[in-house]
Amino acid sequence: MTRTPLPAAILVFSLASASASWAEGDRGLPLSGSDAERFLREAVIVSSKPIGVGITRPKKVTLSDGFRTHDAVWKTVDEIRRGLNRGRKGGYQLGTWDSYRYEVAAYELDKLLGLGIVPPTVEREIDGRRGSLQMWVEGGFTELDRRERSLTAPDIVRWSDRLGQLRLFQSLVYDSDYLNIRNILYDESFQVYSIDHSRAFRIYPVLLEEARLVRFSRALLARLEALTRDELDAALGGWLKAPEIDGILARRDKILARARSAAERLGDETVFYP
């Protein structure tokens, strides 16, 4: 999947009482598509250090293929949290997995949908441990940063629509950590990225806060509707179990039904965009 290169000019965003800018070169994803995947799988690890946030103990690693040097997030967690685990909204889940496998599955599903929201992610073995390597968003800042610094996107409508697509994706994969606004990243052009899916892909056939889904991209809905079980098995079977893929399809059907219902009540012009 190829992304349009970001502009070389310095971009400036609005703040409440000042301005913030990012220098040329802080351009989000340095690599994309198969080029990024190949780099993540084959480049040599130059250095590694703990990121310092997140209970899954992720690391920031620097990789080089002899010509290019880029950073990535390395995560090896793959464990079941037994017993009742408290959710962010006060509810409880029983025996939930927290796994790097879901990071890879989220990227592969993102590719199937043509979203471009999840940074390139691969499975790799390093020093005898298997884990996920995800391309680092250079110069990125979180939704928490945006709120604290009162940053405003240059194109509010486009940004809002992309956040809507992110919320749909969170519902599709049942990302139980969806309320963590540190997991929403932006680059200098306010491209939206979704990270940290190690607690996604629950088996539940229900949507996360269905009321959050209010507007829908026709193109995304068409790709969603076209997904088949065979296609999902082929793309995600290496990382997800059958009940987890069943959950994707069940939630897909509920998303499509939600879109149809909203259009019937509010009209196509209100609910749909290209």
# chains A, B, ... in the order shown; residues from 1 in each chain; ligands from 1
>>> select_by_dssp(residues="stretch 140-216 of chain A", states="strand (DSSP E or B)", output="ChimeraX atom specification")
/A:141-142,152,184-186,192-194,216
>>> closest_atom_pairs(of="stretch 184-274 of chain A", to="stretch 124-138 of chain A", cutoff="9 Å", atoms="only C-alpha atoms", output="CSV")
residue,atom,partner,partner_atom,distance
A:Leu185,CA,A:Val137,CA,8.0
A:Tyr186,CA,A:Val137,CA,8.2
A:Asp187,CA,A:Val137,CA,7.0
A:Tyr193,CA,A:Val137,CA,8.4
A:Ile195,CA,A:Gln134,CA,8.9
>>> write_last_selection(atoms="N, CA and C atoms", output="compact mmCIF listing (two decimals), in the first residue's frame")
# COMPACT_ATOMS: atom_id res chain seq x y z
N LEU A 185 -2.24 8.43 17.25
CA LEU A 185 -1.09 9.25 16.90
C LEU A 185 -1.39 10.09 15.66
N TYR A 186 -0.66 11.21 15.55
CA TYR A 186 -0.71 12.05 14.35
C TYR A 186 0.71 12.36 13.91
N ASP A 187 0.87 12.58 12.60
CA ASP A 187 2.14 13.11 12.13
C ASP A 187 1.95 14.59 11.81
N TYR A 193 -3.07 7.73 12.99
CA TYR A 193 -2.54 6.38 13.15
C TYR A 193 -3.13 5.75 14.41
N ILE A 195 -2.38 2.72 17.14
CA ILE A 195 -1.33 1.82 17.61
C ILE A 195 -1.80 1.05 18.84
>>> residues_around(residues="stretch 109-116 of chain A", least_positions_apart="5", cutoff="7 Å", atoms="only C-alpha atoms", output="list in words")
Leu220, Arg223 and Leu224 of chain A
>>> residues_around(residues="A:Asp233", least_positions_apart="5", cutoff="12 Å", atoms="only C-alpha atoms", output="list in words")
Ala105, Glu108, Leu109, Leu112, Leu227, Thr228, Gly238, Trp239, Leu240, Lys241, Ala242, Pro243, Glu244, Ile245, Asp246, Ile248 and Leu249 of chain A
>>> write_last_selection(atoms="N, CA and C atoms", output="PDB file, in the first residue's frame")
ATOM      1  N   ALA A 105      -1.953  -8.824  13.385  1.00  0.00           N
ATOM      2  CA  ALA A 105      -3.280  -9.046  12.808  1.00  0.00           C
ATOM      3  C   ALA A 105      -3.972  -7.724  12.492  1.00  0.00           C
ATOM      4  N   GLU A 108      -2.535  -6.417   9.246  1.00  0.00           N
ATOM      5  CA  GLU A 108      -2.970  -7.194   8.093  1.00  0.00           C
ATOM      6  C   GLU A 108      -4.435  -6.918   7.751  1.00  0.00           C
ATOM      7  N   LEU A 109      -5.274  -6.732   8.758  1.00  0.00           N
ATOM      8  CA  LEU A 109      -6.673  -6.396   8.514  1.00  0.00           C
ATOM      9  C   LEU A 109      -6.782  -4.983   7.941  1.00  0.00           C
ATOM     10  N   LEU A 112      -6.186  -5.229   4.314  1.00  0.00           N
ATOM     11  CA  LEU A 112      -7.338  -5.754   3.583  1.00  0.00           C
ATOM     12  C   LEU A 112      -8.372  -4.669   3.317  1.00  0.00           C
ATOM     13  N   LEU A 227     -15.525  -8.495   2.514  1.00  0.00           N
ATOM     14  CA  LEU A 227     -14.658  -9.437   3.218  1.00  0.00           C
ATOM     15  C   LEU A 227     -15.316 -10.810   3.314  1.00  0.00           C
ATOM     16  N   THR A 228     -14.540 -11.849   3.032  1.00  0.00           N
ATOM     17  CA  THR A 228     -15.040 -13.220   3.158  1.00  0.00           C
ATOM     18  C   THR A 228     -14.269 -13.964   4.241  1.00  0.00           C
ATOM     19  N   GLY A 238      -2.651 -16.820  10.697  1.00  0.00           N
ATOM     20  CA  GLY A 238      -1.387 -17.048  11.382  1.00  0.00           C
ATOM     21  C   GLY A 238      -1.319 -16.415  12.755  1.00  0.00           C
ATOM     22  N   TRP A 239      -2.259 -15.513  13.035  1.00  0.00           N
ATOM     23  CA  TRP A 239      -2.204 -14.771  14.304  1.00  0.00           C
ATOM     24  C   TRP A 239      -3.488 -14.845  15.117  1.00  0.00           C
ATOM     25  N   LEU A 240      -4.588 -15.193  14.466  1.00  0.00           N
ATOM     26  CA  LEU A 240      -5.867 -15.248  15.172  1.00  0.00           C
ATOM     27  C   LEU A 240      -6.435 -16.664  15.155  1.00  0.00           C
ATOM     28  N   LYS A 241      -7.178 -16.974  16.213  1.00  0.00           N
ATOM     29  CA  LYS A 241      -7.899 -18.244  16.285  1.00  0.00           C
ATOM     30  C   LYS A 241      -9.253 -18.092  15.599  1.00  0.00           C
ATOM     31  N   ALA A 242      -9.869 -19.224  15.270  1.00  0.00           N
ATOM     32  CA  ALA A 242     -11.141 -19.210  14.556  1.00  0.00           C
ATOM     33  C   ALA A 242     -12.215 -18.378  15.260  1.00  0.00           C
ATOM     34  N   PRO A 243     -12.397 -18.505  16.597  1.00  0.00           N
ATOM     35  CA  PRO A 243     -13.425 -17.684  17.256  1.00  0.00           C
ATOM     36  C   PRO A 243     -13.143 -16.185  17.166  1.00  0.00           C
ATOM     37  N   GLU A 244     -11.880 -15.811  17.103  1.00  0.00           N
ATOM     38  CA  GLU A 244     -11.530 -14.390  16.980  1.00  0.00           C
ATOM     39  C   GLU A 244     -11.899 -13.864  15.601  1.00  0.00           C
ATOM     40  N   ILE A 245     -11.735 -14.687  14.569  1.00  0.00           N
ATOM     41  CA  ILE A 245     -12.151 -14.292  13.222  1.00  0.00           C
ATOM     42  C   ILE A 245     -13.669 -14.284  13.119  1.00  0.00           C
ATOM     43  N   ASP A 246     -14.330 -15.229  13.799  1.00  0.00           N
ATOM     44  CA  ASP A 246     -15.795 -15.212  13.865  1.00  0.00           C
ATOM     45  C   ASP A 246     -16.280 -13.881  14.448  1.00  0.00           C
ATOM     46  N   ILE A 248     -14.821 -10.948  14.299  1.00  0.00           N
ATOM     47  CA  ILE A 248     -14.678  -9.883  13.297  1.00  0.00           C
ATOM     48  C   ILE A 248     -15.891  -9.867  12.380  1.00  0.00           C
ATOM     49  N   LEU A 249     -16.269 -11.033  11.869  1.00  0.00           N
ATOM     50  CA  LEU A 249     -17.394 -11.102  10.930  1.00  0.00           C
ATOM     51  C   LEU A 249     -18.711 -10.709  11.592  1.00  0.00           C
TER      52      LEU A 249
END
>>> residues_around(residues="stretch 45-54 of chain A", least_positions_apart="2", cutoff="10 Å", atoms="only C-alpha atoms", output="list in words")
Leu40, Glu42, Ala43, Thr56, Arg57, Pro58, Lys59, Lys60, Val61, Thr62, Leu63, Ser64, Asp65, Thr69, His70, Asp71, Ala72, Val73, Trp74, Ile126, Arg182 and Asp196 of chain A
>>> atom_distance(atom1="atom CA of A:Arg218", atom2="atom CA of A:Asp268")
10.2 Å
>>> residues_around(residues="A:Ala106", least_positions_apart="4", cutoff="9 Å", atoms="only C-alpha atoms", output="ChimeraX atom specification")
/A:101-102,110-111,118,121,173,197,200-201,236
